[in-house]
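Here's the structure we're looking at; comments come further down.
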Amino acid sequence: HSIIYKKEVTSTQEVAHELARNGAEEGTVVVAETQQKGKGRLNREWHSPSGTGLWFSLILRPDVIPQKAPQLTLLTAVAVTEGIMEATGIQAQIKWPNDILIDDKKTAGILTEMQSEPDRVQAVIIGIGLNINQQAEHFPAELLTKATSLALENDGTTFQRADVISAILKRIEQWYFHFLQYGFKEIRKRWESLAVTIGKEITAVTMTKTVSGLAEGITEDGVLLLKKQDGTTEYIYSADID
Ligand code: BTN
């Protein structure tokens with residue numbers, strides 16, 4: 001597979017989309033030292049300073065219907081969490097749908113985008129942003145209670161970014177082949193065992209409403225199940241979780 005390294009891009013997502021439209025093969029990875037317009041979920045900005053983190057996008061071409069694509073986000077969350085733990089020995093967890101937390105603070109995020117026709121996926125572009133070597137002074141003060149980096153969780157001692165990305169890509173590859181062969185079942189179990197969200201009382205803020213309840217688990221499709229006080233279950237497809 002090719003790994004394309006760029007010093008500076010608008011967003012590795014944009015570069016990967018363009019490559020995919022031009023037929024780039026599955027497994028192509030675009031890594032950038034810095035992004036001028038890093039994209040987060042829900043149109044948020046993703047801060048991507050030079051040299052401190054990993055900002056990369058991966059092209060996959062699974063033969064699935066678009067509804068199955070969210071499973072790949074959860075698969076990636078599992079792989080990133082495991083890759084971090086393997087490369088650094090630091091305990092990491094997943095917050096639904098796809099934030100990676102250390103000590104309850106966000107250290108990585110995943111953004112999944114699709115190129116699809118109505119009935120089939122042409123390409124899935126999975127973007128991963130991971131804070132690695134930032135020190136406290138690199139974060140805006142208001143972010144410090146919510147965000148962290150691997151180095152900050154390691155008494156300030158930095159890591160080799162190459163070791164971390166290689167552990168993560170290896171895990172993504174393993175789980176992706178598992179997914180193509182056996183489906184989502186094992187990945188769902190692994191996701192639930194790594195997730196902080198499950199078994200807790202949470203509040204989900206969706207586009208249209210705010211719902212509180214007990215996070216019971218995720219469905220086979222990666223939808224979050226929220227059991228409300230009145231005993232009914234709400235299906236949460238997309239939300240911010242508090
Ligand atoms: C989130 O938590 O909101 C998702 C953040 C995803 C950021 C990564 S960095 C590499 C790739 N390129 C982008 O512009 N965004 C993703």
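Chain labels follow the order of the structure tokens: the first chain is A, the next B, and so on; residue numbering restarts at 1 in every chain, and ligands are counted from 1 in their shown order.
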For the contact check between chain A and ligand 1, emit one row per residue of chain A within 6 Å, containing the shortest atom pair and the distance in Å rounded to one decimal, counting only C-alpha atoms and all ligand atoms, chain then rising number order, as a tab-separated table.
residue	atom	partner	partner_atom_place_in_ligand_line	distance
A:Ser11	CA	ligand 1	14 (O)	4.1
A:Thr12	CA	ligand 1	12 (N)	4.4
A:Gln13	CA	ligand 1	12 (N)	4.6
A:Gly38	CA	ligand 1	14 (O)	3.4
A:Lys39	CA	ligand 1	14 (O)	3.6
A:Gly40	CA	ligand 1	3 (O)	3.3
A:Arg41	CA	ligand 1	3 (O)	3.7
A:Trp46	CA	ligand 1	7 (C)	5.7
A:Trp55	CA	ligand 1	10 (C)	4.0
A:Phe56	CA	ligand 1	10 (C)	4.2
A:Ser57	CA	ligand 1	11 (C)	5.4
A:Asp99	CA	ligand 1	2 (O)	5.8
A:Gly109	CA	ligand 1	2 (O)	3.3
A:Ile110	CA	ligand 1	4 (C)	4.2
A:Leu111	CA	ligand 1	4 (C)	4.5
A:Gly127	CA	ligand 1	11 (C)	3.8
A:Ile128	CA	ligand 1	8 (C)	4.2
A:Gly129	CA	ligand 1	9 (S)	3.6
Residues from last step as file, all heavy atoms, as a CSV table (one decimal), in the first residue's frame:
chain,number,residue,atom,x,y,z
A,11,SER,N,-6.4,19.7,4.2
A,11,SER,CA,-6.9,18.6,5.1
A,11,SER,C,-6.6,17.3,4.4
A,11,SER,O,-6.7,17.2,3.2
A,11,SER,CB,-8.5,18.8,5.2
A,11,SER,OG,-9.0,17.5,5.5
A,12,THR,N,-6.1,16.3,5.2
A,12,THR,CA,-5.8,15.0,4.6
A,12,THR,C,-7.0,14.4,4.0
A,12,THR,O,-7.0,13.6,3.1
A,12,THR,CB,-5.1,14.1,5.5
A,12,THR,OG1,-5.9,13.9,6.7
A,12,THR,CG2,-3.7,14.6,6.0
A,13,GLN,N,-8.2,14.8,4.6
A,13,GLN,CA,-9.5,14.2,4.1
A,13,GLN,C,-9.7,14.7,2.6
A,13,GLN,O,-10.0,13.9,1.8
A,13,GLN,CB,-10.7,14.7,4.9
A,13,GLN,CG,-10.8,14.1,6.3
A,13,GLN,CD,-11.0,12.6,6.3
A,13,GLN,OE1,-10.1,11.8,6.4
A,13,GLN,NE2,-12.3,12.2,6.2
A,38,GLY,N,-7.9,21.5,9.1
A,38,GLY,CA,-8.3,20.2,9.6
A,38,GLY,C,-9.7,20.2,10.0
A,38,GLY,O,-10.2,21.2,10.6
A,39,LYS,N,-10.4,19.2,9.6
A,39,LYS,CA,-11.9,19.1,9.8
A,39,LYS,C,-12.2,18.1,11.0
A,39,LYS,O,-11.7,17.0,11.0
A,39,LYS,CB,-12.6,18.5,8.6
A,39,LYS,CG,-12.8,19.4,7.5
A,39,LYS,CD,-13.8,18.8,6.5
A,39,LYS,CE,-13.1,17.8,5.5
A,39,LYS,NZ,-14.0,17.3,4.5
A,40,GLY,N,-13.1,18.6,11.9
A,40,GLY,CA,-13.6,17.7,12.9
A,40,GLY,C,-15.0,17.2,12.5
A,40,GLY,O,-15.5,17.6,11.5
A,41,ARG,N,-15.6,16.5,13.4
A,41,ARG,CA,-17.0,16.1,13.2
A,41,ARG,C,-17.9,17.3,13.3
A,41,ARG,O,-17.5,18.3,13.9
A,41,ARG,CB,-17.5,15.1,14.3
A,41,ARG,CG,-17.0,13.7,14.0
A,41,ARG,CD,-17.4,12.8,15.2
A,41,ARG,NE,-18.9,12.7,15.4
A,41,ARG,CZ,-19.5,13.0,16.5
A,41,ARG,NH1,-18.9,13.4,17.6
A,41,ARG,NH2,-20.8,12.9,16.6
A,46,TRP,N,-10.4,21.2,13.3
A,46,TRP,CA,-9.5,20.3,14.0
A,46,TRP,C,-8.1,21.0,14.0
A,46,TRP,O,-7.5,21.1,12.9
A,46,TRP,CB,-9.5,18.9,13.4
A,46,TRP,CG,-8.6,18.0,14.2
A,46,TRP,CD1,-7.3,17.7,13.9
A,46,TRP,CD2,-9.0,17.2,15.4
A,46,TRP,NE1,-6.8,16.8,14.8
A,46,TRP,CE2,-7.8,16.5,15.7
A,46,TRP,CE3,-10.1,17.1,16.1
A,46,TRP,CZ2,-7.8,15.6,16.8
A,46,TRP,CZ3,-10.1,16.3,17.2
A,46,TRP,CH2,-9.0,15.6,17.6
A,55,TRP,N,-1.8,13.3,11.9
A,55,TRP,CA,-3.0,13.7,11.1
A,55,TRP,C,-3.0,12.9,9.8
A,55,TRP,O,-2.2,13.2,9.0
A,55,TRP,CB,-3.0,15.2,10.8
A,55,TRP,CG,-2.3,16.1,11.8
A,55,TRP,CD1,-1.2,16.9,11.6
A,55,TRP,CD2,-2.6,16.3,13.2
A,55,TRP,NE1,-0.8,17.5,12.8
A,55,TRP,CE2,-1.7,17.1,13.8
A,55,TRP,CE3,-3.6,15.7,14.1
A,55,TRP,CZ2,-1.7,17.5,15.1
A,55,TRP,CZ3,-3.6,16.1,15.4
A,55,TRP,CH2,-2.7,17.0,15.9
A,56,PHE,N,-3.9,11.9,9.8
A,56,PHE,CA,-3.9,11.1,8.6
A,56,PHE,C,-5.2,10.6,8.2
A,56,PHE,O,-6.2,10.6,9.0
A,56,PHE,CB,-2.9,10.0,8.7
A,56,PHE,CG,-3.2,9.0,9.8
A,56,PHE,CD1,-3.7,7.7,9.5
A,56,PHE,CD2,-2.9,9.2,11.1
A,56,PHE,CE1,-4.0,6.8,10.5
A,56,PHE,CE2,-3.2,8.3,12.1
A,56,PHE,CZ,-3.7,7.1,11.8
A,57,SER,N,-5.3,10.2,6.9
A,57,SER,CA,-6.6,9.7,6.3
A,57,SER,C,-6.3,8.4,5.5
A,57,SER,O,-5.2,8.3,4.9
A,57,SER,CB,-7.2,10.7,5.4
A,57,SER,OG,-7.5,11.9,6.1
A,99,ASP,N,-14.6,9.1,19.9
A,99,ASP,CA,-13.5,9.9,20.6
A,99,ASP,C,-12.6,8.9,21.4
A,99,ASP,O,-13.2,8.0,22.0
A,99,ASP,CB,-14.0,10.9,21.6
A,99,ASP,CG,-14.7,12.1,20.9
A,99,ASP,OD1,-14.6,12.2,19.7
A,99,ASP,OD2,-15.3,12.9,21.6
A,109,GLY,N,-9.5,11.8,17.6
A,109,GLY,CA,-10.9,11.8,17.1
A,109,GLY,C,-10.8,11.2,15.7
A,109,GLY,O,-9.8,11.1,15.0
A,110,ILE,N,-12.0,10.7,15.3
A,110,ILE,CA,-12.1,10.0,14.0
A,110,ILE,C,-13.2,10.6,13.2
A,110,ILE,O,-14.3,10.8,13.7
A,110,ILE,CB,-12.4,8.5,14.2
A,110,ILE,CG1,-11.2,7.8,15.0
A,110,ILE,CG2,-12.6,7.8,12.9
A,110,ILE,CD1,-11.6,6.5,15.6
A,111,LEU,N,-13.0,10.8,11.9
A,111,LEU,CA,-14.0,11.4,11.0
A,111,LEU,C,-14.1,10.5,9.8
A,111,LEU,O,-13.2,10.3,9.1
A,111,LEU,CB,-13.5,12.8,10.6
A,111,LEU,CG,-14.4,13.5,9.6
A,111,LEU,CD1,-15.7,13.9,10.2
A,111,LEU,CD2,-13.7,14.8,9.0
A,127,GLY,N,-10.6,9.6,8.6
A,127,GLY,CA,-9.6,10.5,9.0
A,127,GLY,C,-9.3,10.3,10.5
A,127,GLY,O,-10.3,10.2,11.3
A,128,ILE,N,-8.1,10.3,10.9
A,128,ILE,CA,-7.7,10.2,12.3
A,128,ILE,C,-6.8,11.3,12.7
A,128,ILE,O,-5.8,11.6,12.1
A,128,ILE,CB,-7.0,8.8,12.5
A,128,ILE,CG1,-8.0,7.7,12.1
A,128,ILE,CG2,-6.5,8.7,14.0
A,128,ILE,CD1,-7.3,6.3,11.9
A,129,GLY,N,-7.2,11.9,13.8
A,129,GLY,CA,-6.3,13.0,14.4
A,129,GLY,C,-5.9,12.6,15.8
A,129,GLY,O,-6.8,12.3,16.6
>> Can you pull out every residue from region 97-169 of chain A that DSSP, working from the backbone, puts in alpha helix (DSSP H), and format the result as a ChimeraX atom specification?
In response: /A:161-169
>> as a list in words, please: every residue in region 7-77 of chain A that DSSP puts in strand (DSSP E or B).
In response: Lys7, Glu8, Val9, Val29, Val30, Val31, Ala32, Glu33, Thr34, Gln35, Lys39, Glu45, Gly53, Leu54, Trp55, Phe56, Ser57, Leu58, Ile59 and Leu60 of chain A
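The closest residue to Lys37 (chain A), picked from A:Val15, A:Ala108, A:Ala20, A:Leu60 and counting only C-alpha atoms, is A:Val15.
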>> To one decimal place in Å, what is the distance between CA of Met85 (chain A) and CA of Gly51 (chain A)?
In response: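 Interatomic distance here is 21.1 Å.
Closest approach to Phe139 (chain A) among A:Pro49, A:Ile165, A:Asp242, A:Asp119 is made by A:Pro49 (distances from only C-alpha atoms).
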>> Ranking A:Glu33, A:Gln135, A:Ala167, A:His47 by minimum distance to Gly89 (chain A) and counting only C-alpha atoms, which one comes first?
In response: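 Using only C-alpha atoms, the shortest distance to Gly89 (chain A) belongs to A:Ala167.
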Using only C-alpha atoms, what does the table of region 102-195 of chain A residues within 9 Å of region 74-78 of chain A look like, with each row giving the shortest atom pair and its distance in Å to one decimal, sorted by chain and ascending number, as a tab-separated table?
residue	atom	partner	partner_atom	distance
A:Gly109	CA	A:Ala77	CA	8.4
A:Ile110	CA	A:Ala77	CA	7.3
A:Ile126	CA	A:Thr76	CA	8.1
A:Ile128	CA	A:Thr76	CA	8.7
A:Ile168	CA	A:Thr76	CA	8.8
A:Arg171	CA	A:Val78	CA	8.4
A:Ile172	CA	A:Thr76	CA	6.1
A:Trp175	CA	A:Leu75	CA	6.8
A:Tyr176	CA	A:Leu75	CA	7.4
A:Phe179	CA	A:Leu75	CA	8.4
A:Phe184	CA	A:Leu75	CA	8.3
A:Ile187	CA	A:Leu75	CA	6.3
A:Arg188	CA	A:Leu74	CA	7.8
A:Arg190	CA	A:Val78	CA	7.1
A:Trp191	CA	A:Val78	CA	5.7
A:Leu194	CA	A:Val78	CA	7.4
Would you mind exporting the chosen residues as a compact mmCIF listing (two decimals), in the first residue's frame, restricted to all heavy atoms?
# COMPACT_ATOMS: atom_id res chain seq x y z
N GLY A 109 -9.55 11.81 17.63
CA GLY A 109 -10.88 11.82 17.05
C GLY A 109 -10.85 11.17 15.68
O GLY A 109 -9.80 11.12 15.03
N ILE A 110 -12.00 10.66 15.29
CA ILE A 110 -12.11 9.97 14.00
C ILE A 110 -13.24 10.59 13.19
O ILE A 110 -14.32 10.84 13.73
CB ILE A 110 -12.39 8.46 14.22
CG1 ILE A 110 -11.23 7.82 14.99
CG2 ILE A 110 -12.60 7.75 12.88
CD1 ILE A 110 -11.59 6.49 15.61
N ILE A 126 -11.39 7.51 6.02
CA ILE A 126 -11.36 7.57 7.48
C ILE A 126 -10.22 8.47 7.92
O ILE A 126 -9.05 8.20 7.62
CB ILE A 126 -11.18 6.16 8.08
CG1 ILE A 126 -12.34 5.27 7.62
CG2 ILE A 126 -11.12 6.24 9.60
CD1 ILE A 126 -12.27 3.87 8.14
N ILE A 128 -8.05 10.33 10.91
CA ILE A 128 -7.70 10.16 12.31
C ILE A 128 -6.79 11.31 12.74
O ILE A 128 -5.79 11.60 12.06
CB ILE A 128 -6.99 8.81 12.53
CG1 ILE A 128 -7.95 7.68 12.12
CG2 ILE A 128 -6.53 8.65 13.98
CD1 ILE A 128 -7.29 6.35 11.91
N ILE A 168 -1.07 1.54 14.99
CA ILE A 168 -2.49 1.78 14.66
C ILE A 168 -2.84 1.18 13.29
O ILE A 168 -3.85 0.49 13.15
CB ILE A 168 -2.79 3.29 14.68
CG1 ILE A 168 -2.74 3.81 16.12
CG2 ILE A 168 -4.16 3.58 14.05
CD1 ILE A 168 -2.85 5.32 16.25
N ARG A 171 -3.23 -2.56 13.43
CA ARG A 171 -4.51 -2.96 14.04
C ARG A 171 -5.69 -2.72 13.11
O ARG A 171 -6.61 -3.53 13.06
CB ARG A 171 -4.76 -2.18 15.34
CG ARG A 171 -3.79 -2.50 16.42
CD ARG A 171 -4.08 -3.85 17.01
NE ARG A 171 -3.12 -4.14 18.05
CZ ARG A 171 -3.34 -4.96 19.07
NH1 ARG A 171 -4.48 -5.61 19.17
NH2 ARG A 171 -2.41 -5.17 19.96
N ILE A 172 -5.67 -1.59 12.40
CA ILE A 172 -6.78 -1.32 11.48
C ILE A 172 -6.82 -2.43 10.43
O ILE A 172 -7.88 -2.99 10.12
CB ILE A 172 -6.64 0.05 10.78
CG1 ILE A 172 -6.80 1.19 11.79
CG2 ILE A 172 -7.69 0.20 9.67
CD1 ILE A 172 -6.64 2.59 11.20
N TRP A 175 -8.21 -5.76 11.95
CA TRP A 175 -9.64 -5.73 12.21
C TRP A 175 -10.45 -5.59 10.92
O TRP A 175 -11.55 -6.11 10.80
CB TRP A 175 -10.02 -4.60 13.18
CG TRP A 175 -9.77 -4.92 14.62
CD1 TRP A 175 -8.94 -4.26 15.48
CD2 TRP A 175 -10.40 -5.95 15.40
NE1 TRP A 175 -9.00 -4.82 16.72
CE2 TRP A 175 -9.88 -5.86 16.71
CE3 TRP A 175 -11.33 -6.96 15.12
CZ2 TRP A 175 -10.27 -6.73 17.74
CZ3 TRP A 175 -11.71 -7.83 16.13
CH2 TRP A 175 -11.19 -7.70 17.42
N TYR A 176 -9.90 -4.88 9.94
CA TYR A 176 -10.61 -4.70 8.67
C TYR A 176 -10.74 -6.04 7.93
O TYR A 176 -11.81 -6.39 7.44
CB TYR A 176 -9.88 -3.68 7.80
CG TYR A 176 -10.57 -3.38 6.50
CD1 TYR A 176 -11.87 -2.86 6.48
CD2 TYR A 176 -9.93 -3.62 5.28
CE1 TYR A 176 -12.51 -2.60 5.27
CE2 TYR A 176 -10.56 -3.34 4.08
CZ TYR A 176 -11.85 -2.84 4.08
OH TYR A 176 -12.48 -2.57 2.89
N PHE A 179 -13.31 -7.96 9.69
CA PHE A 179 -14.63 -7.43 9.34
C PHE A 179 -15.11 -7.98 7.99
O PHE A 179 -16.25 -8.43 7.86
CB PHE A 179 -14.54 -5.90 9.29
CG PHE A 179 -15.78 -5.20 8.79
CD1 PHE A 179 -16.90 -5.09 9.58
CD2 PHE A 179 -15.80 -4.63 7.52
CE1 PHE A 179 -18.04 -4.42 9.13
CE2 PHE A 179 -16.93 -3.97 7.05
CZ PHE A 179 -18.05 -3.87 7.86
N PHE A 184 -19.24 -7.90 11.83
CA PHE A 184 -19.03 -6.89 12.86
C PHE A 184 -19.10 -7.41 14.30
O PHE A 184 -18.77 -6.71 15.25
CB PHE A 184 -20.08 -5.79 12.65
CG PHE A 184 -19.89 -4.56 13.48
CD1 PHE A 184 -18.72 -3.82 13.40
CD2 PHE A 184 -20.88 -4.14 14.34
CE1 PHE A 184 -18.54 -2.68 14.17
CE2 PHE A 184 -20.72 -3.00 15.12
CZ PHE A 184 -19.54 -2.27 15.02
N ILE A 187 -16.11 -7.24 16.67
CA ILE A 187 -15.66 -5.85 16.77
C ILE A 187 -16.59 -5.09 17.72
O ILE A 187 -16.15 -4.30 18.55
CB ILE A 187 -15.61 -5.19 15.38
CG1 ILE A 187 -14.61 -5.96 14.51
CG2 ILE A 187 -15.26 -3.72 15.45
CD1 ILE A 187 -14.73 -5.71 13.04
N ARG A 188 -17.87 -5.39 17.58
CA ARG A 188 -18.85 -4.76 18.47
C ARG A 188 -18.56 -5.12 19.94
O ARG A 188 -18.58 -4.26 20.81
CB ARG A 188 -20.25 -5.23 18.08
CG ARG A 188 -21.33 -4.78 19.02
CD ARG A 188 -22.63 -5.40 18.61
NE ARG A 188 -23.68 -5.17 19.58
CZ ARG A 188 -24.85 -5.79 19.52
NH1 ARG A 188 -25.11 -6.64 18.55
NH2 ARG A 188 -25.76 -5.53 20.42
N ARG A 190 -15.69 -6.06 21.24
CA ARG A 190 -14.43 -5.42 21.63
C ARG A 190 -14.67 -3.92 21.88
O ARG A 190 -14.16 -3.35 22.83
CB ARG A 190 -13.41 -5.63 20.50
CG ARG A 190 -12.03 -5.13 20.83
CD ARG A 190 -11.32 -6.02 21.82
NE ARG A 190 -10.03 -5.47 22.18
CZ ARG A 190 -9.61 -5.25 23.42
NH1 ARG A 190 -10.35 -5.57 24.45
NH2 ARG A 190 -8.43 -4.74 23.65
N TRP A 191 -15.47 -3.31 21.01
CA TRP A 191 -15.78 -1.88 21.16
C TRP A 191 -16.46 -1.66 22.52
O TRP A 191 -16.08 -0.75 23.27
CB TRP A 191 -16.69 -1.41 20.01
CG TRP A 191 -16.93 0.07 20.02
CD1 TRP A 191 -16.22 1.00 19.32
CD2 TRP A 191 -17.90 0.78 20.79
NE1 TRP A 191 -16.70 2.26 19.62
CE2 TRP A 191 -17.72 2.15 20.51
CE3 TRP A 191 -18.90 0.40 21.68
CZ2 TRP A 191 -18.51 3.15 21.09
CZ3 TRP A 191 -19.68 1.38 22.27
CH2 TRP A 191 -19.49 2.73 21.97
N LEU A 194 -14.17 -1.68 25.42
CA LEU A 194 -13.24 -0.54 25.52
C LEU A 194 -13.96 0.79 25.77
O LEU A 194 -13.31 1.81 25.98
CB LEU A 194 -12.42 -0.42 24.23
CG LEU A 194 -11.39 -1.51 23.94
CD1 LEU A 194 -10.85 -1.38 22.52
CD2 LEU A 194 -10.24 -1.45 24.95
> Skipping near chain neighbours, those fewer than 4 positions away, what residues fall within 9 Å of Met114 (chain A) using only C-alpha atoms, listed as JSON, numbers by chain?
Replying inline: {"A": [17, 66, 69, 121, 122, 123, 124, 125, 126]}
> So, counting only C-alpha atoms, which residue among A:Glu142, A:Glu234, A:Glu117, A:Asp103 is closest to Gly217 (chain A)?
Replying inline: A:Glu234
>> Just checking: using only C-alpha atoms, which residue out of A:Ser212, A:Gln134, A:Asn98, A:Thr206 ends up closest to Gln71 (chain A)?
In response: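 Ranking A:Ser212, A:Gln134, A:Asn98, A:Thr206 by distance to Gln71 (chain A), first place goes to A:Asn98.
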> What's the 9 Å shell around Pro70 (chain A), counting only C-alpha atoms, without same-chain residues fewer than 2 positions away, as a ChimeraX atom specification?
Replying inline: /A:66-68,72-75,112,221-223
Once you have the residues from the selection above, write them out as an mmCIF file, in the first residue's frame, restricted to all heavy atoms.
data_model
loop_
_atom_site.group_PDB
_atom_site.id
_atom_site.type_symbol
_atom_site.label_atom_id
_atom_site.label_comp_id
_atom_site.auth_asym_id
_atom_site.auth_seq_id
_atom_site.Cartn_x
_atom_site.Cartn_y
_atom_site.Cartn_z
ATOM 1 N N PRO A 66 -24.118 1.677 2.098
ATOM 2 C CA PRO A 66 -23.726 2.845 2.906
ATOM 3 C C PRO A 66 -24.098 2.718 4.390
ATOM 4 O O PRO A 66 -23.370 3.210 5.253
ATOM 5 C CB PRO A 66 -24.481 3.994 2.234
ATOM 6 C CG PRO A 66 -24.640 3.557 0.812
ATOM 7 C CD PRO A 66 -24.821 2.066 0.858
ATOM 8 N N GLN A 67 -25.195 2.048 4.689
ATOM 9 C CA GLN A 67 -25.627 1.903 6.087
ATOM 10 C C GLN A 67 -24.599 1.172 6.953
ATOM 11 O O GLN A 67 -24.631 1.262 8.161
ATOM 12 C CB GLN A 67 -26.963 1.139 6.182
ATOM 13 C CG GLN A 67 -28.156 1.940 5.745
ATOM 14 C CD GLN A 67 -28.279 2.046 4.211
ATOM 15 O OE1 GLN A 67 -27.425 1.587 3.466
ATOM 16 N NE2 GLN A 67 -29.337 2.686 3.756
ATOM 17 N N LYS A 68 -23.727 0.420 6.319
ATOM 18 C CA LYS A 68 -22.730 -0.340 7.090
ATOM 19 C C LYS A 68 -21.476 0.480 7.380
ATOM 20 O O LYS A 68 -20.627 0.067 8.167
ATOM 21 C CB LYS A 68 -22.311 -1.599 6.324
ATOM 22 C CG LYS A 68 -23.415 -2.589 6.114
ATOM 23 C CD LYS A 68 -23.392 -3.649 7.184
ATOM 24 C CE LYS A 68 -24.581 -4.589 6.993
ATOM 25 N NZ LYS A 68 -24.893 -5.343 8.177
ATOM 26 N N LEU A 72 -17.386 0.924 10.306
ATOM 27 C CA LEU A 72 -15.951 1.127 10.081
ATOM 28 C C LEU A 72 -15.376 2.190 11.015
ATOM 29 O O LEU A 72 -14.207 2.153 11.373
ATOM 30 C CB LEU A 72 -15.696 1.511 8.621
ATOM 31 C CG LEU A 72 -16.011 0.401 7.618
ATOM 32 C CD1 LEU A 72 -15.968 0.940 6.206
ATOM 33 C CD2 LEU A 72 -15.032 -0.752 7.787
ATOM 34 N N THR A 73 -16.225 3.141 11.403
ATOM 35 C CA THR A 73 -15.779 4.142 12.371
ATOM 36 C C THR A 73 -15.505 3.469 13.714
ATOM 37 O O THR A 73 -14.498 3.730 14.367
ATOM 38 C CB THR A 73 -16.866 5.217 12.583
ATOM 39 O OG1 THR A 73 -17.217 5.751 11.316
ATOM 40 C CG2 THR A 73 -16.363 6.333 13.468
ATOM 41 N N LEU A 74 -16.415 2.583 14.111
ATOM 42 C CA LEU A 74 -16.244 1.900 15.394
ATOM 43 C C LEU A 74 -15.046 0.957 15.344
ATOM 44 O O LEU A 74 -14.279 0.847 16.297
ATOM 45 C CB LEU A 74 -17.531 1.150 15.762
ATOM 46 C CG LEU A 74 -18.757 2.066 15.878
ATOM 47 C CD1 LEU A 74 -20.016 1.254 16.061
ATOM 48 C CD2 LEU A 74 -18.619 3.040 17.032
ATOM 49 N N LEU A 75 -14.876 0.308 14.196
ATOM 50 C CA LEU A 75 -13.702 -0.556 13.993
ATOM 51 C C LEU A 75 -12.422 0.265 14.159
ATOM 52 O O LEU A 75 -11.477 -0.145 14.831
ATOM 53 C CB LEU A 75 -13.794 -1.162 12.588
ATOM 54 C CG LEU A 75 -12.711 -2.097 12.051
ATOM 55 C CD1 LEU A 75 -13.294 -2.919 10.895
ATOM 56 C CD2 LEU A 75 -11.462 -1.395 11.578
ATOM 57 N N THR A 112 -15.318 9.916 9.660
ATOM 58 C CA THR A 112 -15.524 8.999 8.537
ATOM 59 C C THR A 112 -16.387 9.670 7.491
ATOM 60 O O THR A 112 -17.462 10.184 7.815
ATOM 61 C CB THR A 112 -16.211 7.712 9.017
ATOM 62 O OG1 THR A 112 -15.415 7.145 10.048
ATOM 63 C CG2 THR A 112 -16.347 6.706 7.897
ATOM 64 N N ASP A 221 -25.410 -2.264 14.030
ATOM 65 C CA ASP A 221 -25.032 -1.214 13.076
ATOM 66 C C ASP A 221 -24.289 -0.047 13.725
ATOM 67 O O ASP A 221 -23.995 0.946 13.071
ATOM 68 C CB ASP A 221 -26.279 -0.641 12.383
ATOM 69 C CG ASP A 221 -26.929 -1.667 11.480
ATOM 70 O OD1 ASP A 221 -26.205 -2.548 10.975
ATOM 71 O OD2 ASP A 221 -28.146 -1.593 11.287
ATOM 72 N N GLY A 222 -24.038 -0.132 15.021
ATOM 73 C CA GLY A 222 -23.286 0.936 15.662
ATOM 74 C C GLY A 222 -24.147 2.069 16.201
ATOM 75 O O GLY A 222 -23.645 3.131 16.544
ATOM 76 N N VAL A 223 -25.458 1.832 16.268
ATOM 77 C CA VAL A 223 -26.360 2.849 16.819
ATOM 78 C C VAL A 223 -26.379 2.706 18.348
ATOM 79 O O VAL A 223 -26.427 1.590 18.865
ATOM 80 C CB VAL A 223 -27.791 2.648 16.254
ATOM 81 C CG1 VAL A 223 -28.744 3.673 16.832
ATOM 82 C CG2 VAL A 223 -27.771 2.718 14.734
#
> CA of Gln35 (chain A) and CA of Pro62 (chain A), how far apart in Å?
Replying inline: 27.0 Å
> By how many Å are CA of Ile59 (chain A) and CA of Thr28 (chain A) apart?
Replying inline: 5.4 Å
> Which of these residues is nearest to Thr88 (chain A), using only C-alpha atoms: A:Val29, A:Leu150, A:Leu130, A:Ala136?
Replying inline: A:Leu150
